[in-house]
file upload-v2.cif (mmCIF, C-alpha atoms)
data_work
loop_
_atom_site.label_atom_id
_atom_site.label_comp_id
_atom_site.auth_asym_id
_atom_site.auth_seq_id
_atom_site.Cartn_x
_atom_site.Cartn_y
_atom_site.Cartn_z
CA MET A 26 15.57 10.28 -22.25
CA SER A 27 12.42 11.23 -24.14
CA LYS A 28 11.67 7.55 -24.79
CA GLN A 29 11.24 6.93 -21.06
CA THR A 30 8.39 9.40 -20.65
CA LYS A 31 6.11 7.00 -22.55
CA ILE A 32 6.60 4.13 -20.10
CA SER A 33 3.34 3.05 -18.50
CA ASN A 34 2.72 3.41 -14.82
CA ALA A 35 2.14 -0.35 -14.53
CA VAL A 36 5.78 -0.92 -15.55
CA ILE A 37 7.01 1.65 -13.03
CA GLN A 38 5.00 -0.03 -10.30
CA ARG A 39 6.68 -3.36 -11.00
CA LEU A 40 10.24 -1.98 -10.78
CA PRO A 41 10.28 -1.61 -6.96
CA ARG A 42 9.16 -5.24 -6.68
CA TYR A 43 11.89 -6.47 -9.02
CA ARG A 44 14.36 -4.45 -6.97
CA ARG A 45 13.18 -6.00 -3.69
CA TYR A 46 13.69 -9.52 -5.03
CA LEU A 47 17.11 -8.61 -6.40
CA ASN A 48 18.06 -7.20 -3.01
CA GLU A 49 17.12 -10.50 -1.34
CA LEU A 50 19.20 -12.40 -3.93
CA LYS A 51 22.14 -10.05 -3.33
CA LYS A 52 21.94 -10.71 0.40
CA LYS A 53 21.97 -14.45 -0.26
CA GLY A 54 25.15 -14.00 -2.30
CA VAL A 55 23.54 -14.85 -5.67
CA ASP A 56 25.54 -13.33 -8.56
CA LYS A 57 23.36 -14.00 -11.57
CA ILE A 58 19.87 -15.17 -12.38
CA SER A 59 18.16 -16.35 -15.58
CA SER A 60 14.96 -14.64 -16.65
CA GLY A 61 13.19 -17.98 -16.06
CA GLU A 62 14.41 -18.18 -12.47
CA PHE A 63 13.56 -14.54 -11.89
CA SER A 64 10.10 -15.20 -13.30
CA HIS A 65 9.60 -18.11 -10.92
CA LEU A 66 10.72 -15.97 -7.98
CA THR A 67 8.64 -12.88 -8.70
CA GLY A 68 5.56 -14.53 -10.18
CA TYR A 69 5.75 -12.43 -13.36
CA THR A 70 6.23 -14.16 -16.72
CA ALA A 71 9.74 -14.13 -18.17
CA SER A 72 8.39 -12.32 -21.22
CA GLN A 73 6.80 -9.64 -19.04
CA ILE A 74 10.07 -9.08 -17.19
CA ARG A 75 12.08 -8.88 -20.43
CA GLN A 76 9.52 -6.50 -21.93
CA ASP A 77 9.60 -4.26 -18.85
CA LEU A 78 13.38 -4.10 -18.74
CA ASN A 79 13.64 -3.55 -22.50
CA ASN A 80 11.97 -0.18 -21.91
CA PHE A 81 15.23 0.88 -20.32
CA GLY A 82 17.64 -0.94 -22.61
CA GLY A 83 17.45 -4.55 -21.51
CA PHE A 84 20.41 -5.41 -19.21
CA GLY A 85 20.23 -9.18 -19.78
CA GLN A 86 22.84 -11.18 -21.69
CA GLN A 87 21.84 -14.06 -23.97
CA GLY A 88 22.81 -17.36 -22.33
CA TYR A 89 23.89 -15.66 -19.10
CA GLY A 90 20.80 -14.02 -17.65
CA TYR A 91 20.96 -11.00 -15.41
CA SER A 92 23.74 -9.87 -13.12
CA VAL A 93 21.92 -9.53 -9.78
CA GLU A 94 23.97 -6.61 -8.51
CA GLY A 95 24.10 -4.96 -11.93
CA LEU A 96 20.35 -5.12 -12.44
CA TYR A 97 19.71 -3.98 -8.87
CA ASN A 98 21.89 -0.92 -9.44
CA GLU A 99 20.29 -0.17 -12.82
CA ILE A 100 16.76 -0.34 -11.41
CA SER A 101 17.80 1.78 -8.42
CA ALA A 102 19.14 4.42 -10.82
CA ILE A 103 16.01 4.29 -13.03
CA LEU A 104 13.84 4.89 -9.96
CA GLY A 105 16.12 7.70 -8.82
CA LEU A 106 17.11 5.88 -5.62
CA ASP A 107 20.75 6.83 -6.18
CA LYS A 108 19.74 10.35 -5.09
CA GLY A 109 18.70 11.72 -1.71
CA TYR A 110 15.31 13.21 -0.82
CA LYS A 111 14.20 15.47 2.00
CA MET A 112 10.72 14.86 3.35
CA VAL A 113 8.34 16.63 5.71
CA VAL A 114 5.51 14.77 7.40
CA ALA A 115 2.18 16.57 7.88
CA GLY A 116 0.34 14.97 10.80
CA ALA A 117 2.10 13.63 13.90
CA GLY A 118 -0.49 10.97 14.79
CA HIS A 119 0.25 7.26 14.89
CA LEU A 120 0.78 6.90 11.15
CA GLY A 121 3.01 9.99 10.99
CA GLN A 122 4.97 8.63 13.94
CA ALA A 123 5.33 5.22 12.29
CA ILE A 124 6.83 6.90 9.23
CA VAL A 125 9.15 9.19 11.16
CA ASN A 126 10.37 6.20 13.18
CA HIS A 127 10.87 3.89 10.19
CA THR A 128 14.63 3.61 9.87
CA TYR A 129 14.30 2.16 6.38
CA TYR A 130 13.70 5.58 4.86
CA TYR A 131 16.86 7.02 6.36
CA LYS A 132 18.95 4.09 5.22
CA THR A 133 17.76 4.54 1.66
CA GLY A 134 18.12 8.31 1.38
CA PHE A 135 14.62 9.49 2.26
CA ILE A 136 15.31 11.81 5.16
CA VAL A 137 12.49 13.19 7.29
CA THR A 138 13.61 16.71 8.20
CA GLY A 139 10.43 18.07 9.74
CA ILE A 140 7.12 16.96 11.18
CA PHE A 141 4.11 19.23 11.59
CA ASP A 142 0.81 19.14 13.43
CA VAL A 143 -1.99 21.46 14.53
CA ASN A 144 -2.35 19.86 17.98
CA PRO A 145 -0.71 22.07 20.67
CA ASP A 146 -0.11 18.96 22.81
CA LEU A 147 2.11 17.49 20.09
CA ILE A 148 3.90 20.66 18.97
CA GLY A 149 7.28 20.86 20.70
CA THR A 150 7.53 17.13 21.40
CA THR A 151 10.13 15.09 19.53
CA ILE A 152 9.70 11.94 17.46
CA ASN A 153 12.85 10.00 16.63
CA GLY A 154 14.82 13.13 17.55
CA ILE A 155 12.80 15.37 15.22
CA ARG A 156 10.79 18.20 16.76
CA VAL A 157 7.10 18.44 15.95
CA MET A 158 6.49 21.97 14.66
CA ASP A 159 3.39 24.10 14.29
CA TYR A 160 1.58 23.34 11.03
CA GLU A 161 1.28 27.10 10.50
CA ASN A 162 4.99 27.20 9.65
CA ILE A 163 5.06 24.35 7.14
CA VAL A 164 5.23 26.55 4.00
CA GLU A 165 8.14 28.59 5.35
CA PHE A 166 10.00 25.41 6.39
CA VAL A 167 9.51 23.70 3.02
CA GLU A 168 10.69 26.79 1.15
CA GLU A 169 13.74 27.41 3.33
CA ASN A 170 14.89 23.79 3.41
CA ASN A 171 14.21 22.85 -0.22
CA ILE A 172 12.02 19.92 0.77
CA ASP A 173 11.43 17.39 -2.00
CA ILE A 174 8.52 15.31 -0.69
CA GLY A 175 5.50 16.03 1.50
CA VAL A 176 4.03 13.04 3.34
CA ILE A 177 0.35 13.52 4.18
CA CYS A 178 -0.74 11.72 7.36
CA THR A 179 -3.66 13.98 8.21
CA PRO A 180 -7.35 13.09 8.42
CA LYS A 181 -9.17 12.71 5.10
CA GLU A 182 -10.99 16.03 5.53
CA THR A 183 -7.86 18.21 5.54
CA ALA A 184 -5.69 16.21 3.12
CA GLN A 185 -6.45 18.27 -0.01
CA GLU A 186 -5.85 21.57 1.80
CA VAL A 187 -2.51 20.30 3.12
CA ALA A 188 -1.61 19.08 -0.37
CA ASP A 189 -2.39 22.51 -1.85
CA LYS A 190 -0.19 24.18 0.75
CA LEU A 191 2.72 21.80 0.15
CA CYS A 192 2.47 22.25 -3.63
CA PHE A 193 2.43 26.02 -3.17
CA ALA A 194 5.52 25.74 -0.96
CA GLY A 195 7.33 23.89 -3.74
CA VAL A 196 7.53 20.16 -3.05
CA ASP A 197 8.01 17.98 -6.15
CA GLY A 198 6.22 14.95 -4.75
CA LEU A 199 3.38 14.05 -2.41
CA TRP A 200 3.03 10.71 -0.66
CA ASN A 201 -0.55 10.66 0.55
CA PHE A 202 -1.81 8.28 3.23
CA ALA A 203 -5.15 10.00 3.82
CA PRO A 204 -7.92 7.77 2.43
CA VAL A 205 -8.80 10.13 -0.43
CA ASP A 206 -7.28 10.71 -3.88
CA ILE A 207 -5.75 14.16 -3.74
CA GLU A 208 -5.44 16.34 -6.82
CA THR A 209 -2.23 18.16 -7.63
CA PRO A 210 -0.74 20.15 -10.52
CA SER A 211 0.84 17.89 -13.17
CA TYR A 212 4.36 18.98 -12.17
CA VAL A 213 3.91 17.54 -8.67
CA ALA A 214 4.18 13.73 -8.64
CA THR A 215 1.65 12.09 -6.35
CA GLU A 216 1.16 8.62 -4.90
CA ASN A 217 -2.08 7.98 -3.06
CA VAL A 218 -1.57 5.01 -0.76
CA HIS A 219 -4.82 3.12 -0.14
CA ILE A 220 -3.81 0.56 2.45
CA THR A 221 -7.38 -0.62 2.86
CA ASP A 222 -7.62 -1.79 -0.76
CA SER A 223 -5.34 -4.69 0.12
CA LEU A 224 -7.54 -5.57 3.11
CA HIS A 225 -10.51 -5.77 0.76
CA SER A 226 -8.60 -8.02 -1.68
CA LEU A 227 -7.67 -10.15 1.34
CA ALA A 228 -11.34 -10.49 2.28
CA TYR A 229 -12.11 -11.66 -1.27
CA HIS A 230 -9.42 -14.34 -1.27
CA MET A 231 -10.39 -15.53 2.22
CA ASN A 232 -13.97 -16.00 1.11
CA LYS A 233 -12.93 -17.85 -2.04
CA ASN A 234 -10.84 -20.22 0.09
CA ARG A 235 -13.72 -20.71 2.50
CA GLU A 236 -16.12 -21.47 -0.32
CA ALA A 237 -13.62 -23.96 -1.75
CA ALA A 238 -13.32 -25.63 1.63
CA ASN A 239 -17.09 -25.54 2.18
CA LYS A 240 -16.45 -23.85 5.49
CA LYS A 241 -19.05 -21.21 4.80
CA MET B 4 -19.18 -20.20 -8.20
CA SER B 5 -16.45 -22.27 -9.84
CA LYS B 6 -16.16 -19.68 -12.63
CA GLN B 7 -15.05 -17.06 -10.13
CA THR B 8 -12.05 -19.02 -8.96
CA LYS B 9 -10.38 -18.31 -12.30
CA ILE B 10 -10.55 -14.54 -11.96
CA SER B 11 -7.10 -12.99 -12.06
CA ASN B 12 -5.68 -11.19 -9.07
CA ALA B 13 -5.32 -8.00 -11.17
CA VAL B 14 -9.11 -7.86 -11.50
CA ILE B 15 -9.58 -8.40 -7.76
CA GLN B 16 -7.13 -5.59 -7.03
CA ARG B 17 -9.17 -3.17 -9.15
CA LEU B 18 -12.47 -3.90 -7.40
CA PRO B 19 -11.65 -2.00 -4.17
CA ARG B 20 -10.74 1.03 -6.31
CA TYR B 21 -14.00 0.89 -8.25
CA ARG B 22 -15.80 0.61 -4.95
CA ARG B 23 -14.05 3.69 -3.53
CA TYR B 24 -15.08 5.80 -6.51
CA LEU B 25 -18.65 4.51 -6.31
CA ASN B 26 -18.72 5.40 -2.62
CA GLU B 27 -17.67 8.98 -3.44
CA LEU B 28 -20.40 9.17 -6.11
CA LYS B 29 -22.96 7.83 -3.63
CA LYS B 30 -21.98 10.52 -1.14
CA LYS B 31 -22.43 13.17 -3.83
CA GLY B 32 -25.94 11.84 -4.48
CA VAL B 33 -25.18 10.47 -7.96
CA ASP B 34 -27.67 7.72 -8.91
CA LYS B 35 -26.26 6.35 -12.13
CA ILE B 36 -23.12 6.56 -14.20
CA SER B 37 -22.24 5.54 -17.76
CA SER B 38 -19.25 3.30 -18.32
CA GLY B 39 -17.64 6.21 -20.19
CA GLU B 40 -18.03 8.56 -17.24
CA PHE B 41 -16.83 5.87 -14.84
CA SER B 42 -13.82 5.33 -17.08
CA HIS B 43 -13.01 9.05 -17.03
CA LEU B 44 -13.29 9.10 -13.23
CA THR B 45 -11.20 6.02 -12.46
CA GLY B 46 -8.65 6.27 -15.26
CA TYR B 47 -9.39 2.74 -16.49
CA THR B 48 -10.73 2.22 -20.02
CA ALA B 49 -14.47 1.60 -20.35
CA SER B 50 -13.69 -1.73 -22.00
CA GLN B 51 -11.48 -2.75 -19.07
CA ILE B 52 -14.21 -1.89 -16.58
CA ARG B 53 -16.87 -3.77 -18.57
CA GLN B 54 -14.55 -6.77 -18.92
CA ASP B 55 -13.78 -6.79 -15.17
CA LEU B 56 -17.44 -6.57 -14.19
CA ASN B 57 -18.49 -9.18 -16.75
CA ASN B 58 -16.50 -11.70 -14.69
CA PHE B 59 -19.25 -11.39 -12.12
CA GLY B 60 -22.24 -11.07 -14.41
CA GLY B 61 -22.10 -7.52 -15.72
CA PHE B 62 -24.50 -5.26 -13.76
CA GLY B 63 -24.74 -2.54 -16.46
CA GLN B 64 -27.83 -1.86 -18.51
CA GLN B 65 -27.58 -0.94 -22.19
CA GLY B 66 -28.39 2.77 -22.61
CA TYR B 67 -28.57 3.35 -18.87
CA GLY B 68 -25.13 2.64 -17.47
CA TYR B 69 -24.57 1.50 -13.92
CA SER B 70 -26.67 2.12 -10.85
CA VAL B 71 -24.13 3.66 -8.44
CA GLU B 72 -25.64 2.18 -5.30
CA GLY B 73 -26.41 -1.14 -7.00
CA LEU B 74 -22.88 -1.58 -8.31
CA TYR B 75 -21.40 -0.46 -4.98
CA ASN B 76 -23.43 -3.13 -3.18
CA GLU B 77 -22.57 -5.81 -5.74
CA ILE B 78 -18.83 -5.12 -5.50
CA SER B 79 -19.04 -5.04 -1.71
CA ALA B 80 -20.69 -8.46 -1.76
CA ILE B 81 -18.15 -9.86 -4.24
CA LEU B 82 -15.32 -8.73 -1.97
CA GLY B 83 -17.10 -10.19 1.05
CA LEU B 84 -17.49 -6.79 2.74
CA ASP B 85 -21.07 -7.62 3.66
CA LYS B 86 -19.60 -9.93 6.32
CA GLY B 87 -17.75 -9.17 9.54
CA TYR B 88 -14.15 -10.11 10.37
CA LYS B 89 -12.29 -10.39 13.65
CA MET B 90 -8.64 -9.37 13.59
CA VAL B 91 -5.68 -9.61 15.93
CA VAL B 92 -2.69 -7.33 15.57
CA ALA B 93 0.79 -8.74 16.26
CA GLY B 94 3.11 -5.89 17.21
CA ALA B 95 1.99 -2.88 19.27
CA GLY B 96 4.52 -0.39 17.87
CA HIS B 97 3.56 2.74 15.96
CA LEU B 98 2.18 0.90 12.94
CA GLY B 99 0.21 -1.54 15.09
CA GLN B 100 -1.14 1.42 17.06
CA ALA B 101 -2.11 3.25 13.87
CA ILE B 102 -4.12 0.22 12.74
CA VAL B 103 -5.79 -0.35 16.11
CA ASN B 104 -6.76 3.34 16.23
CA HIS B 105 -8.08 3.52 12.66
CA THR B 106 -11.82 3.82 13.06
CA TYR B 107 -12.37 2.95 9.40
CA TYR B 108 -11.89 -0.76 10.08
CA TYR B 109 -14.51 -0.83 12.79
CA LYS B 110 -17.01 1.04 10.66
CA THR B 111 -16.60 -1.47 7.84
CA GLY B 112 -16.75 -4.66 9.88
CA PHE B 113 -13.06 -5.37 10.48
CA ILE B 114 -12.93 -5.51 14.27
CA VAL B 115 -9.61 -5.60 16.12
CA THR B 116 -10.25 -7.85 19.10
CA GLY B 117 -6.72 -8.31 20.39
CA ILE B 118 -3.24 -6.81 20.17
CA PHE B 119 -0.07 -8.63 21.14
CA ASP B 120 3.54 -7.71 21.82
CA VAL B 121 6.66 -9.18 23.42
CA ASN B 122 7.65 -5.92 25.12
CA PRO B 123 6.80 -6.04 28.87
CA ASP B 124 6.50 -2.21 28.89
CA LEU B 125 3.63 -2.44 26.38
CA ILE B 126 1.85 -5.54 27.74
CA GLY B 127 -1.06 -4.46 29.94
CA THR B 128 -1.40 -0.98 28.39
CA THR B 129 -4.50 -0.22 26.32
CA ILE B 130 -4.76 1.10 22.77
CA ASN B 131 -8.14 2.42 21.71
CA GLY B 132 -9.61 0.55 24.66
CA ILE B 133 -8.01 -2.76 23.68
CA ARG B 134 -5.53 -4.33 26.08
CA VAL B 135 -2.09 -5.25 24.79
CA MET B 136 -1.52 -8.91 25.67
CA ASP B 137 1.56 -11.09 25.92
CA TYR B 138 2.55 -12.48 22.53
CA GLU B 139 2.99 -15.86 24.21
CA ASN B 140 -0.80 -16.16 24.43
CA ILE B 141 -1.62 -15.29 20.81
CA VAL B 142 -2.32 -18.88 19.66
CA GLU B 143 -4.71 -19.54 22.53
CA PHE B 144 -6.51 -16.23 21.92
CA VAL B 145 -6.91 -16.83 18.18
CA GLU B 146 -8.24 -20.34 18.76
CA GLU B 147 -10.69 -19.36 21.50
CA ASN B 148 -12.05 -16.29 19.72
CA ASN B 149 -12.27 -17.67 16.17
CA ILE B 150 -10.12 -14.89 14.77
CA ASP B 151 -10.33 -14.47 10.99
CA ILE B 152 -7.36 -12.23 10.19
CA GLY B 153 -3.89 -11.76 11.66
CA VAL B 154 -2.25 -8.37 11.06
CA ILE B 155 1.54 -8.54 11.19
CA CYS B 156 3.17 -5.32 12.40
CA THR B 157 6.37 -6.88 13.73
CA PRO B 158 9.94 -6.30 12.57
CA LYS B 159 10.96 -8.06 9.36
CA GLU B 160 13.04 -10.63 11.23
CA THR B 161 10.15 -12.16 13.17
CA ALA B 162 7.36 -11.78 10.58
CA GLN B 163 7.55 -15.32 9.16
CA GLU B 164 7.61 -16.91 12.61
CA VAL B 165 4.57 -14.87 13.65
CA ALA B 166 2.83 -15.85 10.40
CA ASP B 167 3.51 -19.54 11.05
CA LYS B 168 2.07 -19.23 14.54
CA LEU B 169 -1.08 -17.43 13.34
CA CYS B 170 -1.64 -20.01 10.57
CA PHE B 171 -1.22 -22.82 13.10
CA ALA B 172 -3.76 -21.08 15.36
CA GLY B 173 -6.28 -21.07 12.51
CA VAL B 174 -6.58 -17.61 10.93
CA ASP B 175 -7.89 -17.60 7.34
CA GLY B 176 -6.05 -14.45 6.29
CA LEU B 177 -2.83 -12.57 6.98
CA TRP B 178 -2.34 -8.86 6.35
CA ASN B 179 1.41 -8.39 6.49
CA PHE B 180 3.07 -4.99 6.93
CA ALA B 181 6.57 -6.30 7.66
CA PRO B 182 8.80 -5.50 4.67
CA VAL B 183 9.20 -9.12 3.61
CA ASP B 184 7.00 -11.48 1.55
CA ILE B 185 5.78 -14.10 4.01
CA GLU B 186 4.94 -17.63 2.91
CA THR B 187 1.77 -19.34 4.02
CA PRO B 188 -0.18 -22.52 3.23
CA SER B 189 -2.46 -22.11 0.19
CA TYR B 190 -5.58 -22.15 2.36
CA VAL B 191 -4.48 -18.99 4.19
CA ALA B 192 -5.01 -15.86 2.07
CA THR B 193 -2.15 -13.38 2.38
CA GLU B 194 -1.61 -9.77 1.39
CA ASN B 195 1.91 -8.43 1.75
CA VAL B 196 1.72 -4.62 1.95
CA HIS B 197 4.88 -2.97 0.65
CA ILE B 198 4.30 0.68 1.43
CA THR B 199 7.76 1.63 0.28
CA ASP B 200 7.12 0.46 -3.29
CA SER B 201 4.89 3.50 -3.79
CA LEU B 202 7.62 5.80 -2.43
CA HIS B 203 9.97 4.39 -5.05
CA SER B 204 7.42 4.94 -7.83
CA LEU B 205 7.03 8.46 -6.50
CA ALA B 206 10.78 9.05 -6.78
CA TYR B 207 10.66 7.89 -10.40
CA HIS B 208 7.84 10.24 -11.36
CA MET B 209 9.48 13.17 -9.53
CA ASN B 210 12.69 12.66 -11.46
CA LYS B 211 10.82 12.41 -14.78
CA ASN B 212 9.09 15.72 -14.01
CA ARG B 213 12.39 17.30 -13.05
CA GLU B 214 14.04 16.12 -16.24
CA ALA B 215 11.11 17.47 -18.23
CA ALA B 216 11.43 20.83 -16.48
CA ASN B 217 15.22 20.84 -16.79
CA LYS B 218 15.39 21.55 -13.08
CA LYS B 219 18.03 18.94 -12.50
#
call {"tool": "encode", "arguments": {"input": "upload-v2.cif", "output": "structure tokens"}}
result
Amino acid sequence: MSKQTKISNAVIQRLPRYRRYLNELKKKGVDKISSGEFSHLTGYTASQIRQDLNNFGGFGQQGYGYSVEGLYNEISAILGLDKGYKMVVAGAGHLGQAIVNHTYYYKTGFIVTGIFDVNPDLIGTTINGIRVMDYENIVEFVEENNIDIGVICTPKETAQEVADKLCFAGVDGLWNFAPVDIETPSYVATENVHITDSLHSLAYHMNKNREAANKK
Amino acid sequence: MSKQTKISNAVIQRLPRYRRYLNELKKKGVDKISSGEFSHLTGYTASQIRQDLNNFGGFGQQGYGYSVEGLYNEISAILGLDKGYKMVVAGAGHLGQAIVNHTYYYKTGFIVTGIFDVNPDLIGTTINGIRVMDYENIVEFVEENNIDIGVICTPKETAQEVADKLCFAGVDGLWNFAPVDIETPSYVATENVHITDSLHSLAYHMNKNREAANKK
């Protein structure tokens, strides 16, 4: 497996997208797909796709293409989606609630087992059947329940402190929604989700279209 | 401006990140930064950064580096963040609520002016002072108020239909949170936000770390 540790993050970020398209094909009953067709569908070049998948051993067959279900399963396994993960959510505001209520995570093995907040009005309420607990007890809960992932839905100002606490308690991954890049020890995987970046890209493309249409 | 239309989407996606780092530097009172330092901070190579910025005319000065505030303002203008945008949110569930409540958008000129739902229990309630209206009236509202952006926070199943309606009503951009890639006419800019992709990348990196630590 040592070869895999050299794979660039850009490749890893494309795998979930490939998997989404394969899932749609599976649902439509498509059995196999050529790299050309898959390129057309995903918007990546066929050579890019082949190069990405060759990092993991290929999977395509000359003159046949890819088995949709086979490739879907391989990518799922590469990403580790054949395993289950226990998550806690720090912050029971709207974003935390949206995540706790999102059935997708449960269906795919990401189970929210606890939600925490500092607000006494929220502590003791339930969200999607899960009780909101006092943030003071988050370390104990993570330790006792072998939590894999901490989801940070707190304000920007407290995100790093919450991250430090979750790392101390022993999570292996942090999924951060606070609009700040949090820093963690190298043994804790971290994804900082910056939703607003896509809004800014959207603004750019809107303005380009407007300029092209002379609307501005 | 015709040169700019050829700029790849990958470049455009990096600009909001550059801007975030520049904003942090501004807040820390940093006046100027070398491309080497900026590379270290952002994780992109200095040559990549120079190449990206050269698409828009450069901005750096030999032997000086970049003016933090100057570059921040330039990137803001390139992205169109010096303008204001009016948004409507379709779907008043938890995600829609999180967006309507997110003060960041208001501070940066993205103003939510209407929120719509089909659920009679939600219609007539207010979120962050904004009344939830009947989804039946969304086209009329968008037309009358010259709405720029539609934010789709509906279930996957209805996302495309909502997108079609918003395009018909005249929005110039769609920011889609439903877990499906929606299709729109070329003159409507669209960003499909797939939050779960980053959770899948996170799972990959966690498993790599675990393998490296022989924990598994």
call {"tool": "residues_near_point", "arguments": {"input": "upload-v2.cif", "point": "(2.3, 14.0, 6.4)", "cutoff": "8 Å", "atoms": "all atoms listed in the file", "output": "PyMOL selection string"}}
result
chain A and resi 113-117+121+140-141+175-179+200-202
call {"tool": "resolve_selection", "arguments": {"input": "upload-v2.cif", "expression": "the PyMOL selection byres ((chain A and resi 192) around 10)", "output": "compact mmCIF listing (two decimals) with C-alpha atoms, keeping the file's coordinate frame"}}
result
# COMPACT_ATOMS: atom_id res chain seq x y z
CA VAL A 164 5.23 26.55 4.00
CA VAL A 167 9.51 23.70 3.02
CA ILE A 174 8.52 15.31 -0.69
CA GLY A 175 5.50 16.03 1.50
CA GLU A 186 -5.85 21.57 1.80
CA VAL A 187 -2.51 20.30 3.12
CA ALA A 188 -1.61 19.08 -0.37
CA ASP A 189 -2.39 22.51 -1.85
CA LYS A 190 -0.19 24.18 0.75
CA LEU A 191 2.72 21.80 0.15
CA PHE A 193 2.43 26.02 -3.17
CA ALA A 194 5.52 25.74 -0.96
CA GLY A 195 7.33 23.89 -3.74
CA VAL A 196 7.53 20.16 -3.05
CA ASP A 197 8.01 17.98 -6.15
CA GLY A 198 6.22 14.95 -4.75
CA LEU A 199 3.38 14.05 -2.41
CA THR A 209 -2.23 18.16 -7.63
CA PRO A 210 -0.74 20.15 -10.52
CA TYR A 212 4.36 18.98 -12.17
CA VAL A 213 3.91 17.54 -8.67
call {"tool": "resolve_selection", "arguments": {"input": "upload-v2.cif", "expression": "the PyMOL selection byres ((chain B and resi 34) around 9)", "output": "ChimeraX atom specification"}}
result
/B:28-29,32-33,35-36,69-72
call {"tool": "write_last_selection", "arguments": {"input": "upload-v2.cif", "atoms": "C-alpha atoms", "output": "short mmCIF file (atom, residue, chain, number, x, y, z; two decimals), in the frame of the given file"}}
result
data_model
loop_
_atom_site.label_atom_id
_atom_site.label_comp_id
_atom_site.auth_asym_id
_atom_site.auth_seq_id
_atom_site.Cartn_x
_atom_site.Cartn_y
_atom_site.Cartn_z
CA LEU B 28 -20.40 9.17 -6.11
CA LYS B 29 -22.96 7.83 -3.63
CA GLY B 32 -25.94 11.84 -4.48
CA VAL B 33 -25.18 10.47 -7.96
CA LYS B 35 -26.26 6.35 -12.13
CA ILE B 36 -23.12 6.56 -14.20
CA TYR B 69 -24.57 1.50 -13.92
CA SER B 70 -26.67 2.12 -10.85
CA VAL B 71 -24.13 3.66 -8.44
CA GLU B 72 -25.64 2.18 -5.30
#
call {"tool": "atom_distance", "arguments": {"input": "upload-v2.cif", "atom1": "atom CA of Ile133 of chain B", "atom2": "atom CA of Asn104 of chain B"}}
result
9.7 Å
call {"tool": "interface_residues", "arguments": {"input": "upload-v2.cif", "of": "chain A", "to": "chain B", "cutoff": "7 Å", "atoms": "all atoms listed in the file", "output": "PDB file with C-alpha atoms, in the coordinates of the input"}}
result
ATOM      1  CA  ILE A  37       7.010   1.650 -13.030  1.00  0.00           C
ATOM      2  CA  GLN A  38       5.000  -0.030 -10.300  1.00  0.00           C
ATOM      3  CA  PRO A  41      10.280  -1.610  -6.960  1.00  0.00           C
ATOM      4  CA  ARG A  42       9.160  -5.240  -6.680  1.00  0.00           C
ATOM      5  CA  ILE A 103      16.010   4.290 -13.030  1.00  0.00           C
ATOM      6  CA  LEU A 104      13.840   4.890  -9.960  1.00  0.00           C
ATOM      7  CA  GLY A 105      16.120   7.700  -8.820  1.00  0.00           C
ATOM      8  CA  HIS A 119       0.250   7.260  14.890  1.00  0.00           C
ATOM      9  CA  LEU A 120       0.780   6.900  11.150  1.00  0.00           C
ATOM     10  CA  GLN A 122       4.970   8.630  13.940  1.00  0.00           C
ATOM     11  CA  ALA A 123       5.330   5.220  12.290  1.00  0.00           C
ATOM     12  CA  ASP A 197       8.010  17.980  -6.150  1.00  0.00           C
ATOM     13  CA  GLY A 198       6.220  14.950  -4.750  1.00  0.00           C
ATOM     14  CA  TRP A 200       3.030  10.710  -0.660  1.00  0.00           C
ATOM     15  CA  TYR A 212       4.360  18.980 -12.170  1.00  0.00           C
ATOM     16  CA  ALA A 214       4.180  13.730  -8.640  1.00  0.00           C
ATOM     17  CA  THR A 215       1.650  12.090  -6.350  1.00  0.00           C
ATOM     18  CA  GLU A 216       1.160   8.620  -4.900  1.00  0.00           C
ATOM     19  CA  ASP A 222      -7.620  -1.790  -0.760  1.00  0.00           C
ATOM     20  CA  SER A 223      -5.340  -4.690   0.120  1.00  0.00           C
ATOM     21  CA  LEU A 224      -7.540  -5.570   3.110  1.00  0.00           C
ATOM     22  CA  HIS A 225     -10.510  -5.770   0.760  1.00  0.00           C
ATOM     23  CA  SER A 226      -8.600  -8.020  -1.680  1.00  0.00           C
ATOM     24  CA  LEU A 227      -7.670 -10.150   1.340  1.00  0.00           C
ATOM     25  CA  ALA A 228     -11.340 -10.490   2.280  1.00  0.00           C
ATOM     26  CA  TYR A 229     -12.110 -11.660  -1.270  1.00  0.00           C
ATOM     27  CA  HIS A 230      -9.420 -14.340  -1.270  1.00  0.00           C
ATOM     28  CA  MET A 231     -10.390 -15.530   2.220  1.00  0.00           C
ATOM     29  CA  ASN A 232     -13.970 -16.000   1.110  1.00  0.00           C
ATOM     30  CA  ASN A 234     -10.840 -20.220   0.090  1.00  0.00           C
TER      31      ASN A 234
END
call {"tool": "residues_near_point", "arguments": {"input": "upload-v2.cif", "point": "(8.6, -8.7, 24.9)", "cutoff": "10 Å", "atoms": "only C-alpha atoms", "output": "PyMOL selection string"}}
result
chain B and resi 94+119-126+137-139
call {"tool": "decode", "arguments": {"input": "upload-v2.cif", "residues": "segment 30-41 of chain B", "atoms": "C-alpha atoms", "output": "short mmCIF file (atom, residue, chain, number, x, y, z; two decimals), in the first residue's frame"}}
result
data_model
loop_
_atom_site.label_atom_id
_atom_site.label_comp_id
_atom_site.auth_asym_id
_atom_site.auth_seq_id
_atom_site.Cartn_x
_atom_site.Cartn_y
_atom_site.Cartn_z
CA LYS B 30 -6.60 41.50 9.49
CA LYS B 31 -3.14 40.78 10.92
CA GLY B 32 -1.93 44.12 9.56
CA VAL B 33 0.40 42.62 6.94
CA ASP B 34 1.06 45.12 4.11
CA LYS B 35 2.97 43.09 1.57
CA ILE B 36 3.87 39.49 0.88
CA SER B 37 6.36 37.81 -1.45
CA SER B 38 5.11 35.15 -3.83
CA GLY B 39 7.29 32.67 -1.90
CA GLU B 40 5.63 33.52 1.41
CA PHE B 41 2.20 33.45 -0.20
#
